[in-house]
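A.B. asks: Sharing data03.txt, compact mmCIF, C-alpha atoms:
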```txt
# COMPACT_ATOMS: atom_id res chain seq x y z
CA MET A 2 77.70 110.15 129.34
CA ASP A 3 76.66 113.56 128.17
CA THR A 4 73.56 113.59 125.96
CA ALA A 5 74.80 116.82 124.36
CA PHE A 6 77.79 114.86 123.07
CA MET A 7 75.45 112.24 121.61
CA LEU A 8 73.49 114.97 119.84
CA TRP A 9 76.73 116.40 118.47
CA LEU A 10 77.73 112.93 117.19
CA PHE A 11 74.32 112.56 115.56
CA ALA A 12 74.48 115.98 113.87
CA VAL A 13 78.02 115.44 112.59
CA SER A 14 77.09 112.03 111.16
CA VAL A 15 74.01 113.37 109.40
CA ALA A 16 76.13 116.08 107.79
CA ALA A 17 79.00 113.75 106.83
CA SER A 18 76.69 111.09 105.44
CA ALA A 19 74.51 113.52 103.48
CA PHE A 20 77.59 115.16 102.01
CA GLY A 21 79.25 111.84 101.16
CA GLY A 22 76.01 110.42 99.82
CA MET A 23 75.70 113.25 97.30
CA LEU A 24 78.82 111.95 95.58
CA GLY A 25 78.19 108.30 96.24
CA MET A 26 80.84 107.96 98.90
CA ALA A 27 80.58 106.31 102.31
CA SER A 28 80.69 108.68 105.26
CA GLY A 29 83.45 106.77 107.09
CA ILE A 30 86.16 108.79 105.45
CA PHE A 31 84.84 111.94 107.18
CA ILE A 32 83.55 110.41 110.38
CA VAL A 33 86.80 108.90 111.64
CA PRO A 34 88.85 112.14 111.29
CA ILE A 35 86.06 114.29 112.76
CA LEU A 36 85.51 112.00 115.76
CA THR A 37 89.20 111.71 116.54
CA MET A 38 90.17 115.33 115.93
CA PHE A 39 87.15 117.26 117.16
CA GLY A 40 85.47 114.73 119.43
CA ARG A 41 88.74 113.48 120.96
CA VAL A 42 87.43 109.94 120.69
CA ASP A 43 90.09 107.21 120.64
CA ILE A 44 90.85 106.20 117.04
CA HIS A 45 89.81 102.57 117.57
CA THR A 46 86.45 103.60 119.02
CA ALA A 47 85.94 106.01 116.12
CA ILE A 48 86.73 103.22 113.65
CA GLY A 49 84.29 100.87 115.40
CA ALA A 50 81.51 103.45 115.20
CA SER A 51 82.32 104.16 111.58
CA LEU A 52 82.17 100.44 110.69
CA ILE A 53 78.60 100.26 112.00
CA SER A 54 77.64 103.28 109.92
CA VAL A 55 79.29 101.68 106.86
CA ILE A 56 77.15 98.54 107.37
CA ALA A 57 74.03 100.67 107.86
CA CYS A 58 74.59 102.62 104.66
CA SER A 59 75.43 99.48 102.66
CA CYS A 60 72.39 97.49 103.83
CA GLY A 61 70.00 100.42 103.74
CA GLY A 62 70.95 101.41 100.21
CA ALA A 63 71.19 97.93 98.67
CA SER A 64 67.53 97.21 97.88
CA PRO A 65 66.97 99.61 94.93
CA PHE A 66 70.18 98.42 93.24
CA LEU A 67 69.17 94.77 93.72
CA ARG A 68 65.65 95.31 92.40
CA ASN A 69 66.93 97.16 89.33
CA GLY A 70 69.29 94.29 88.53
CA LEU A 71 72.44 96.42 88.84
CA THR A 72 74.10 94.31 91.54
CA ASN A 73 76.08 91.30 90.31
CA VAL A 74 75.35 89.03 93.26
CA ARG A 75 77.45 86.12 91.98
CA LEU A 76 80.52 88.29 91.46
CA ALA A 77 79.95 89.93 94.87
CA ILE A 78 80.10 86.66 96.80
CA VAL A 79 83.27 85.59 94.95
CA LEU A 80 85.02 88.90 95.67
CA GLU A 81 83.79 88.87 99.27
CA THR A 82 86.08 85.91 99.99
CA ALA A 83 89.00 88.27 99.25
CA THR A 84 87.59 91.29 101.13
CA THR A 85 86.72 89.26 104.25
CA ILE A 86 90.15 87.60 104.30
CA GLY A 87 91.58 91.12 104.05
CA ALA A 88 89.34 92.19 106.93
CA LEU A 89 90.52 89.17 108.92
CA THR A 90 94.14 90.24 108.37
CA GLY A 91 93.21 93.75 109.49
CA VAL A 92 91.60 92.40 112.64
CA MET A 93 94.73 90.36 113.42
CA LEU A 94 96.84 93.50 113.04
CA LEU A 95 94.50 95.39 115.36
CA GLY A 96 96.51 95.04 118.53
CA ILE A 97 99.85 95.29 116.73
CA VAL A 98 99.62 98.44 114.61
CA PRO A 99 99.97 101.52 116.86
CA GLY A 100 97.39 104.32 116.61
CA ARG A 101 100.04 106.64 115.19
CA TYR A 102 100.46 104.47 112.07
CA LEU A 103 96.70 104.36 111.63
CA TYR A 104 96.69 108.17 111.44
CA PHE A 105 99.44 108.02 108.86
CA LEU A 106 97.63 105.41 106.77
CA PHE A 107 94.41 107.38 107.03
CA THR A 108 96.17 110.49 105.75
CA ALA A 109 97.43 108.56 102.74
CA ILE A 110 93.93 107.29 101.98
CA LEU A 111 92.48 110.82 102.31
CA PHE A 112 94.98 112.18 99.77
CA LEU A 113 94.42 109.24 97.42
CA SER A 114 90.66 109.76 97.59
CA ALA A 115 91.10 113.46 96.83
CA ARG A 116 93.18 112.58 93.76
CA GLN A 117 90.63 110.04 92.65
CA MET A 118 87.81 112.54 93.06
CA LEU A 119 89.57 114.86 90.61
CA ALA A 120 89.92 112.17 87.97
CA ARG A 121 86.75 111.15 86.16
CA ARG A 122 85.47 107.59 86.15
CA ARG A 123 84.98 106.31 82.63
CA ASP A 124 83.36 103.23 81.25
CA LEU A 125 86.02 101.00 79.75
CA VAL A 126 83.51 98.36 78.75
CA LEU A 127 82.50 99.61 75.35
CA ALA A 128 86.09 100.24 74.31
CA SER A 129 87.16 96.65 74.77
CA VAL A 130 85.86 93.61 72.96
CA PRO A 131 87.08 90.51 74.76
CA ALA A 132 88.51 87.70 72.66
CA ALA A 133 87.72 84.73 74.86
CA THR A 134 85.96 84.15 78.14
CA GLU A 135 88.38 83.66 81.01
CA ASP A 136 88.54 80.51 83.16
CA TRP A 137 87.27 81.96 86.43
CA THR A 138 84.50 83.91 84.85
CA ALA A 139 83.23 80.92 82.90
CA ALA A 140 83.45 78.46 85.78
CA LEU A 141 81.45 80.68 88.11
CA GLN A 142 79.18 82.20 85.44
CA LEU A 143 80.02 85.74 86.46
CA ASP A 144 79.14 87.47 83.18
CA SER A 145 75.80 89.19 83.34
CA SER A 146 73.73 92.03 81.99
CA TYR A 147 72.01 95.08 83.41
CA PRO A 148 69.10 97.22 82.23
CA ASP A 149 70.28 100.65 81.06
CA ARG A 150 67.54 103.24 81.26
CA GLU A 151 69.25 105.75 78.97
CA LEU A 152 69.76 103.18 76.22
CA GLY A 153 66.44 101.53 76.97
CA ARG A 154 67.80 97.99 76.66
CA ASP A 155 69.80 95.37 78.53
CA VAL A 156 73.56 95.80 78.30
CA SER A 157 75.58 92.61 78.70
CA TYR A 158 79.07 92.78 80.11
CA ARG A 159 81.95 90.45 80.80
CA VAL A 160 84.01 90.22 83.93
CA HIS A 161 87.75 90.41 83.32
CA ARG A 162 90.84 89.54 85.33
CA VAL A 163 89.15 88.11 88.42
CA PRO A 164 92.44 87.13 90.16
CA LEU A 165 93.81 90.68 89.86
CA GLY A 166 90.49 92.07 91.09
CA MET A 167 90.60 89.73 94.07
CA MET A 168 94.09 90.85 95.02
CA LEU A 169 92.98 94.48 95.02
CA MET A 170 89.87 93.49 96.98
CA TYR A 171 92.06 91.86 99.62
CA GLY A 172 93.77 95.23 100.05
CA ALA A 173 90.40 96.96 100.20
CA GLY A 174 89.21 94.59 102.97
CA LEU A 175 92.43 95.13 104.92
CA ILE A 176 92.18 98.92 104.73
CA SER A 177 88.48 98.77 105.58
CA ALA A 178 89.13 96.77 108.76
CA LEU A 179 92.07 98.92 109.84
CA LEU A 180 90.48 102.32 109.19
CA GLY A 181 86.73 101.69 109.38
CA ILE A 182 85.99 102.97 105.90
CA GLY A 183 84.33 101.41 102.87
CA SER A 184 87.64 101.86 101.01
CA GLY A 185 86.10 102.88 97.70
CA VAL A 186 89.57 104.20 96.84
CA LEU A 187 90.76 100.67 96.23
CA LYS A 188 87.48 99.20 95.03
CA ILE A 189 86.97 101.65 92.19
CA PRO A 190 90.29 100.82 90.47
CA ALA A 191 89.69 97.12 91.11
CA MET A 192 86.22 97.00 89.60
CA ASP A 193 86.36 99.73 86.95
CA THR A 194 89.89 99.33 85.68
CA ALA A 195 90.99 95.78 86.44
CA MET A 196 87.70 93.95 85.98
CA ARG A 197 86.23 96.43 83.49
CA LEU A 198 82.73 96.50 84.92
CA PRO A 199 80.27 99.18 83.82
CA ILE A 200 80.24 102.02 86.39
CA LYS A 201 76.66 101.39 87.48
CA VAL A 202 77.29 97.69 88.08
CA SER A 203 80.58 98.42 89.83
CA SER A 204 79.01 100.99 92.19
CA ALA A 205 76.04 98.76 93.04
CA THR A 206 78.16 95.63 93.56
CA SER A 207 80.75 97.47 95.64
CA ASN A 208 78.02 98.95 97.87
CA PHE A 209 76.55 95.48 98.28
CA MET A 210 79.92 93.99 99.29
CA ILE A 211 80.95 96.68 101.78
CA GLY A 212 78.35 95.50 104.32
CA VAL A 213 79.79 91.99 104.54
CA THR A 214 83.38 93.24 104.68
CA ALA A 215 82.53 95.68 107.46
CA ALA A 216 80.47 93.06 109.32
CA ALA A 217 83.51 90.77 109.53
CA SER A 218 85.63 93.49 111.11
CA ALA A 219 82.78 95.05 113.12
CA GLY A 220 82.14 91.65 114.73
CA ALA A 221 85.73 91.53 115.89
CA TYR A 222 85.71 95.18 117.02
CA PHE A 223 82.53 94.46 118.94
CA MET A 224 84.08 91.52 120.75
CA HIS A 225 87.14 93.64 121.45
CA GLY A 226 84.91 96.19 123.18
CA TYR A 227 85.74 98.97 120.72
CA ILE A 228 82.12 99.47 119.72
CA ILE A 229 80.55 101.66 122.36
CA THR A 230 76.80 102.08 122.04
CA GLU A 231 76.84 105.70 123.21
CA ILE A 232 79.13 106.59 120.32
CA ALA A 233 78.31 104.04 117.60
CA GLY A 234 74.52 104.40 118.07
CA PRO A 235 74.22 108.12 117.27
CA VAL A 236 76.80 107.80 114.48
CA ALA A 237 74.99 104.90 112.77
CA PHE A 238 71.56 106.47 113.15
CA GLY A 239 72.86 109.82 111.93
CA SER A 240 74.45 108.16 108.90
CA VAL A 241 71.19 106.48 107.92
CA VAL A 242 69.30 109.79 108.18
CA GLY A 243 72.11 111.57 106.32
CA ALA A 244 72.11 108.99 103.52
CA ILE A 245 68.40 109.60 102.94
CA VAL A 246 68.92 113.38 102.95
CA GLY A 247 71.94 113.03 100.63
CA ALA A 248 69.99 110.99 98.09
CA ARG A 249 67.33 113.74 97.94
CA MET A 250 69.89 116.53 97.64
CA LEU A 251 71.67 114.70 94.85
CA LEU A 252 68.94 115.88 92.50
CA ILE A 253 69.24 119.55 93.46
CA VAL A 254 72.93 120.34 93.86
CA SER A 255 75.44 120.81 91.04
CA ASN A 256 77.88 117.95 90.94
CA GLU A 257 80.93 119.90 89.77
CA ARG A 258 81.19 122.45 92.57
CA LEU A 259 80.44 119.76 95.10
CA ARG A 260 83.28 117.64 93.77
CA LEU A 261 85.75 120.50 94.22
CA LEU A 262 84.52 121.24 97.75
CA PHE A 263 84.86 117.54 98.51
CA VAL A 264 88.48 117.50 97.35
CA ILE A 265 89.29 120.56 99.45
CA ILE A 266 87.78 119.02 102.59
CA LEU A 267 89.57 115.70 102.03
CA VAL A 268 92.91 117.50 101.65
CA ALA A 269 92.26 119.70 104.71
CA LEU A 270 91.40 116.67 106.87
CA GLY A 271 94.48 114.87 105.52
CA ILE A 272 96.76 117.77 106.41
CA GLN A 273 95.32 118.02 109.89
CA MET A 274 95.77 114.28 110.49
CA LEU A 275 99.34 114.52 109.22
CA LEU A 276 100.01 117.36 111.67
CA ILE A 277 98.79 115.14 114.49
CA VAL A 278 101.09 112.32 113.34
CA PHE A 279 104.06 114.67 113.58
CA GLY A 280 102.97 115.91 116.95
CA VAL A 281 101.80 119.37 115.94
CA HIS A 282 98.59 119.78 117.86
CA ALA A 283 96.22 122.10 116.11
CA GLY A 284 93.55 122.68 118.71
CA THR A 285 93.13 119.63 120.90
CA GLY A 286 95.05 116.64 119.64
CA PRO A 287 93.99 113.14 120.55
CA LEU A 288 97.42 111.52 120.78
CA MET B 11 67.69 84.52 84.88
CA ASN B 12 64.34 84.26 86.58
CA ARG B 13 65.87 82.40 89.48
CA THR B 14 68.59 84.98 90.05
CA GLY B 15 65.87 87.61 90.00
CA ARG B 16 64.14 85.83 92.85
CA LEU B 17 67.35 85.66 94.88
CA GLU B 18 67.86 89.38 94.36
CA GLU B 19 64.30 90.13 95.41
CA SER B 20 64.62 88.15 98.65
CA LEU B 21 67.98 89.79 99.40
CA ALA B 22 66.40 93.21 98.83
CA VAL B 23 63.55 92.37 101.22
CA LEU B 24 65.92 91.05 103.92
CA LEU B 25 68.28 94.03 103.74
CA CYS B 26 65.51 96.61 103.54
CA TYR B 27 63.46 95.40 106.51
CA GLY B 28 66.58 94.47 108.49
CA SER B 29 68.00 97.97 108.17
CA TRP B 30 64.67 99.54 109.13
CA LEU B 31 64.43 97.36 112.22
CA ALA B 32 68.01 98.02 113.33
CA SER B 33 67.75 101.77 112.68
CA ALA B 34 64.44 101.90 114.55
CA ALA B 35 65.99 100.17 117.58
CA ILE B 36 68.94 102.58 117.64
CA GLY B 37 66.68 105.59 117.08
CA LEU B 38 64.26 104.51 119.80
CA GLY B 39 67.00 103.93 122.37
CA PHE B 40 68.58 107.24 121.44
CA ALA B 41 65.27 109.15 121.66
CA LEU B 42 64.35 107.58 125.01
CA ALA B 43 67.79 108.42 126.37
CA LEU B 44 67.35 112.03 125.29
CA CYS B 45 63.89 112.24 126.86
CA ASP B 46 65.20 110.79 130.10
CA SER B 47 68.05 113.20 130.27
CA ARG B 48 65.62 116.10 129.85
CA PHE B 49 63.11 114.96 132.44
CA GLY B 50 64.90 112.39 134.57
CA THR B 51 68.22 111.80 136.24
CA ARG B 52 71.20 112.37 134.00
CA ASN B 53 73.63 109.50 133.49
CA LEU B 54 71.59 106.97 135.45
CA ALA B 55 68.39 106.76 133.42
CA ILE B 56 70.31 106.25 130.19
CA LEU B 57 71.37 102.66 130.91
CA PRO B 58 68.29 100.59 129.88
CA ASN B 59 67.57 102.81 126.87
CA MET B 60 71.05 102.43 125.51
CA ARG B 61 70.59 98.68 125.74
CA ILE B 62 67.83 98.99 123.11
CA ALA B 63 70.29 100.91 120.93
CA ALA B 64 72.92 98.20 121.53
CA ILE B 65 70.48 95.59 120.18
CA GLY B 66 70.15 97.71 117.03
CA ILE B 67 73.93 97.75 116.62
CA VAL B 68 74.14 93.97 117.01
CA LEU B 69 71.34 93.64 114.42
CA PHE B 70 73.38 95.71 111.99
CA ILE B 71 76.41 93.44 112.46
CA LEU B 72 74.24 90.33 112.00
CA LEU B 73 72.38 91.60 108.94
CA PRO B 74 75.15 91.12 106.31
CA THR B 75 76.00 87.78 107.91
CA LEU B 76 72.37 86.67 107.51
CA ARG B 77 72.50 87.91 103.94
CA VAL B 78 75.44 85.55 103.21
CA LEU B 79 73.58 82.71 104.92
CA LEU B 80 70.53 83.36 102.73
CA MET B 81 72.72 83.29 99.62
CA LEU B 82 74.29 80.02 100.80
CA LEU B 83 70.85 78.39 101.20
CA VAL B 84 69.57 79.63 97.84
CA PHE B 85 72.72 78.47 95.99
CA ILE B 86 72.42 75.02 97.61
CA ARG B 87 68.77 74.78 96.62
CA GLU B 88 69.61 75.76 93.05
CA GLY B 89 72.33 73.11 92.95
CA ASP B 90 75.01 75.76 92.33
CA PHE B 91 77.57 74.12 94.61
CA ARG B 92 80.58 76.19 93.55
CA LEU B 93 78.96 79.41 94.66
CA ALA B 94 77.42 77.71 97.69
CA ALA B 95 80.94 76.70 98.76
CA THR B 96 82.11 80.28 98.18
CA ALA B 97 79.28 81.63 100.35
CA GLY B 98 80.12 79.03 103.02
CA LEU B 99 83.74 80.18 102.98
CA VAL B 100 82.73 83.83 103.44
CA LEU B 101 80.49 82.85 106.34
CA ALA B 102 83.30 80.84 107.95
CA ILE B 103 85.70 83.80 107.62
CA ILE B 104 83.21 86.16 109.30
CA VAL B 105 82.67 83.73 112.19
CA PHE B 106 86.44 83.28 112.52
CA ALA B 107 86.96 87.08 112.63
CA ILE B 108 84.42 87.37 115.44
CA PHE B 109 86.12 84.49 117.25
CA LEU B 110 89.49 86.26 116.91
CA GLY B 111 88.00 89.38 118.48
CA PHE B 112 86.65 87.24 121.32
CA ARG B 113 90.06 85.64 121.91
CA ALA B 114 91.72 89.04 122.06
CA THR B 115 89.27 90.31 124.68
CA SER B 116 90.08 87.58 127.14
CA GLY B 117 93.73 88.69 126.98
CA GLY B 118 92.84 92.15 128.31
CA SER B 119 94.05 95.37 126.72
CA GLU B 120 94.41 99.11 127.07
CA LEU B 121 91.20 99.89 125.25
CA SER B 122 89.15 100.73 128.28
CA ARG B 123 89.90 104.45 128.02
CA ASP B 124 86.81 105.32 126.05
CA ARG B 125 84.72 102.68 127.76
CA ALA B 126 85.51 104.42 131.04
CA ARG B 127 84.79 107.84 129.58
CA PHE B 128 81.71 107.10 127.54
CA GLY B 129 80.61 103.59 128.48
CA PRO B 130 77.46 102.73 130.41
CA ARG B 131 79.11 102.76 133.79
CA ALA B 132 80.99 105.98 133.17
CA ARG B 133 81.73 107.91 136.30
CA LEU B 134 84.71 110.14 136.68
CA PRO B 135 87.49 108.73 134.54
CA THR B 136 90.01 106.88 136.63
CA THR B 137 92.87 106.63 134.17
CA PHE B 138 94.37 109.29 131.99
CA HIS B 139 96.21 108.96 128.79
CA VAL B 140 99.88 109.84 128.95
CA GLY B 141 100.60 113.26 127.55
CA LYS B 142 97.36 115.00 128.43
CA ASN B 143 97.90 118.41 129.88
CA GLU B 144 96.28 119.71 133.06
CA PHE B 145 93.66 121.64 131.16
CA GLN B 146 92.50 118.57 129.28
CA LYS B 147 92.47 116.53 132.48
CA SER B 148 90.25 119.05 134.17
CA LEU B 149 87.92 118.99 131.17
CA LEU B 150 87.66 115.24 131.47
CA GLU B 151 87.05 115.40 135.19
CA ARG B 152 84.20 117.78 134.69
CA GLN B 153 82.92 115.63 131.81
CA VAL B 154 83.15 118.59 129.51
CA PHE B 155 83.65 117.49 125.97
CA PRO B 156 86.00 119.15 123.58
CA PHE B 157 83.67 120.34 120.89
CA TRP B 158 82.81 123.31 123.06
CA ASN B 159 86.49 124.17 123.17
CA VAL B 160 87.83 123.75 119.66
```
Please go through the file and, once you have read it, give me the structure as structure tokens.

C.D. replies:
Amino acid sequence: MDTAFMLWLFAVSVAASAFGGMLGMASGIFIVPILTMFGRVDIHTAIGASLISVIACSCGGASPFLRNGLTNVRLAIVLETATTIGALTGVMLLGIVPGRYLYFLFTAILFLSARQMLARRRDLVLASVPAATEDWTAALQLDSSYPDRELGRDVSYRVHRVPLGMMLMYGAGLISALLGIGSGVLKIPAMDTAMRLPIKVSSATSNFMIGVTAAASAGAYFMHGYIITEIAGPVAFGSVVGAIVGARMLLIVSNERLRLLFVIILVALGIQMLLIVFGVHAGTGPL
Amino acid sequence: MNRTGRLEESLAVLLCYGSWLASAAIGLGFALALCDSRFGTRNLAILPNMRIAAIGIVLFILLPTLRVLLMLLVFIREGDFRLAATAGLVLAIIVFAIFLGFRATSGGSELSRDRARFGPRARLPTTFHVGKNEFQKSLLERQVFPFWNV
């Protein structure tokens, strides 16, 4: 094993994680394409490494959200049943779905993320006044409140359409296990739109849940032998360092230009992955 | 409200210290491996150091699982049996997923390509993927990695 390669993995992960962290995105969506296309790592190994970095970022970043009361812990554990069952399905499909289809699916997710980046997230909470509390929400006492610094008071919110949210979460868990990403693409519509959570609560809760979802699939990948220390180690460590750097840079850099650059990179990576699916090898192809 | 606050505080403590410990293990193994490769024998000295990093990786996989276990215990103590059952279900699913991965390994598979190339006992790769051209093969044989060449 070449130590220069480990250093390269580390550097790439720091960059990907810092960049993703500036827009509140997990680094997995960059790491898997970069490792497969430029590092010529097998896609399953890349996914395994990315899963560890997803867990690292989720666990490492959870404490401030928890202490500020933004994470809805009760809702998280309920939704985690759906995401982990999704992850379980993904793990079962592991030996069945060929690598080629994974590239294709990844391309689709990259394009979807790019589209979602262009659209703004809006709070739907204030616009809707719920008539009656729903069965699930009442039985599990999911409604809660969070302290809003700008308003200077606690904002209470209700959790809507839990069954619909759980169905979307199942999909998010499945995609996460298959592609090694946090799958924010599916979680954002589930939590913002379907369940109508305030953005801050939705971001904190989704970050909290990703760790458990990824742990379910990472455990299976580990037993499979897809998680190779020489690759996953530098990637996970780099992601942790990058997440810290990204959080600092968040305060300095303008969000708008960054968002556009982000979209361009997502589309470029998507196009390159698509080329690989159709057998056009730009540079050195991994298939 | 006060009780939930306490649960959140203990979760924050567990996740914070757990991540620090796991990251430190990976970082230490990584740093020692780098030092060894500078001053010692390449490829051979790396083995024990990477084992420290492997412990860090296992810690990261265990950390969210422990977090669910902690939630299960707290919900039981609070007498919130619906959520305790939910946490128990999540825990069972995680264990089942790991078990599935274990079952699949005993069947044997084609995944050893990267293990042979990058794994702890990596020597010259013995198997090649179908479709690699001669140039790529020679790169692999010389353990030259592609980022120099793209």

A.B. asks: Could you check how far atom CA of Glu151 of chain A sits from atom CA of Leu259 of chain A, in Å to one decimal?

C.D. replies: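 Taking atom CA of Glu151 of chain A as the start and atom CA of Leu259 of chain A as the end point, the length is 24.1 Å.
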
A.B. asks: Report the distance between atom CA of Leu69 of chain B and atom CA of Cys58 of chain A in Å, rounded to one decimal place.

C.D. replies: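 Interatomic distance, atom CA of Leu69 of chain B to atom CA of Cys58 of chain A: 13.7 Å.
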
A.B. asks: Could you pull the residues within 9 Å of Gly61 of chain A, counting only C-alpha atoms, minus those fewer than 6 positions along the same chain, as a ChimeraX atom specification?

C.D. replies: /A:241,244 /B:25-30

A.B. asks: Nearest to chain B among A:Ser204, A:Ser51, A:Ser64, A:Ser28, with distances taken over only C-alpha atoms: which residue is it?

C.D. replies: A:Ser64

A.B. asks: Can you pull out every residue within 12 Å of Tyr222 of chain A, counting all atoms listed in the file, but drop anything in the same chain fewer than 5 positions away, and send it as a PyMOL selection string?

C.D. replies: (chain A and resi 45-53+88-89+91-96+178-181+215-217+227-229+233) or (chain B and resi 68+71+107-115+121)

A.B. asks: Go ahead and save the picked residues with C-alpha atoms, as a PDB file, keeping the file's coordinate frame.

C.D. replies:
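Writing the result to selection_28.pdb gives the following:
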```pdb
ATOM      1  CA  HIS A  45      89.810 102.570 117.570  1.00  0.00           C
ATOM      2  CA  THR A  46      86.450 103.600 119.020  1.00  0.00           C
ATOM      3  CA  ALA A  47      85.940 106.010 116.120  1.00  0.00           C
ATOM      4  CA  ILE A  48      86.730 103.220 113.650  1.00  0.00           C
ATOM      5  CA  GLY A  49      84.290 100.870 115.400  1.00  0.00           C
ATOM      6  CA  ALA A  50      81.510 103.450 115.200  1.00  0.00           C
ATOM      7  CA  SER A  51      82.320 104.160 111.580  1.00  0.00           C
ATOM      8  CA  LEU A  52      82.170 100.440 110.690  1.00  0.00           C
ATOM      9  CA  ILE A  53      78.600 100.260 112.000  1.00  0.00           C
ATOM     10  CA  ALA A  88      89.340  92.190 106.930  1.00  0.00           C
ATOM     11  CA  LEU A  89      90.520  89.170 108.920  1.00  0.00           C
ATOM     12  CA  GLY A  91      93.210  93.750 109.490  1.00  0.00           C
ATOM     13  CA  VAL A  92      91.600  92.400 112.640  1.00  0.00           C
ATOM     14  CA  MET A  93      94.730  90.360 113.420  1.00  0.00           C
ATOM     15  CA  LEU A  94      96.840  93.500 113.040  1.00  0.00           C
ATOM     16  CA  LEU A  95      94.500  95.390 115.360  1.00  0.00           C
ATOM     17  CA  GLY A  96      96.510  95.040 118.530  1.00  0.00           C
ATOM     18  CA  ALA A 178      89.130  96.770 108.760  1.00  0.00           C
ATOM     19  CA  LEU A 179      92.070  98.920 109.840  1.00  0.00           C
ATOM     20  CA  LEU A 180      90.480 102.320 109.190  1.00  0.00           C
ATOM     21  CA  GLY A 181      86.730 101.690 109.380  1.00  0.00           C
ATOM     22  CA  ALA A 215      82.530  95.680 107.460  1.00  0.00           C
ATOM     23  CA  ALA A 216      80.470  93.060 109.320  1.00  0.00           C
ATOM     24  CA  ALA A 217      83.510  90.770 109.530  1.00  0.00           C
ATOM     25  CA  TYR A 227      85.740  98.970 120.720  1.00  0.00           C
ATOM     26  CA  ILE A 228      82.120  99.470 119.720  1.00  0.00           C
ATOM     27  CA  ILE A 229      80.550 101.660 122.360  1.00  0.00           C
ATOM     28  CA  ALA A 233      78.310 104.040 117.600  1.00  0.00           C
TER      29      ALA A 233
ATOM     30  CA  VAL B  68      74.140  93.970 117.010  1.00  0.00           C
ATOM     31  CA  ILE B  71      76.410  93.440 112.460  1.00  0.00           C
ATOM     32  CA  ALA B 107      86.960  87.080 112.630  1.00  0.00           C
ATOM     33  CA  ILE B 108      84.420  87.370 115.440  1.00  0.00           C
ATOM     34  CA  PHE B 109      86.120  84.490 117.250  1.00  0.00           C
ATOM     35  CA  LEU B 110      89.490  86.260 116.910  1.00  0.00           C
ATOM     36  CA  GLY B 111      88.000  89.380 118.480  1.00  0.00           C
ATOM     37  CA  PHE B 112      86.650  87.240 121.320  1.00  0.00           C
ATOM     38  CA  ARG B 113      90.060  85.640 121.910  1.00  0.00           C
ATOM     39  CA  ALA B 114      91.720  89.040 122.060  1.00  0.00           C
ATOM     40  CA  THR B 115      89.270  90.310 124.680  1.00  0.00           C
ATOM     41  CA  LEU B 121      91.200  99.890 125.250  1.00  0.00           C
TER      42      LEU B 121
END
```

A.B. asks: Give me, as a PyMOL selection string, the contact residues of chain A against chain B at a cut-off of 6 Å, counting all atoms listed in the file.

C.D. replies: chain A and resi 2+39+60-61+64+67+82+89+212-213+216-217+220-221+224-225+230+234+284

A.B. asks: What does the distance between atom CA of Val268 of chain A and atom CA of Gly239 of chain A come to in Å, to one decimal place?

C.D. replies: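 It comes out at 23.8 Å.
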
A.B. asks: So that I can check the surroundings of Ala205 of chain A, please list as a ChimeraX atom specification every protein, DNA and RNA residue that reaches within 7 Å of it, counting all atoms listed in the file and ignoring chain neighbours fewer than 2 positions away.

C.D. replies: /A:66,71-72,201-203,207-209

A.B. asks: When you look at segment 260-266 of chain A with a cut-off of 10 Å (counting all atoms listed in the file), what residues show up, excluding the ones that are within fewer than 2 positions of it in the same chain? I need them as a ChimeraX atom specification.

C.D. replies: /A:20-21,23-24,31,111-112,114-119,255-258,268-272
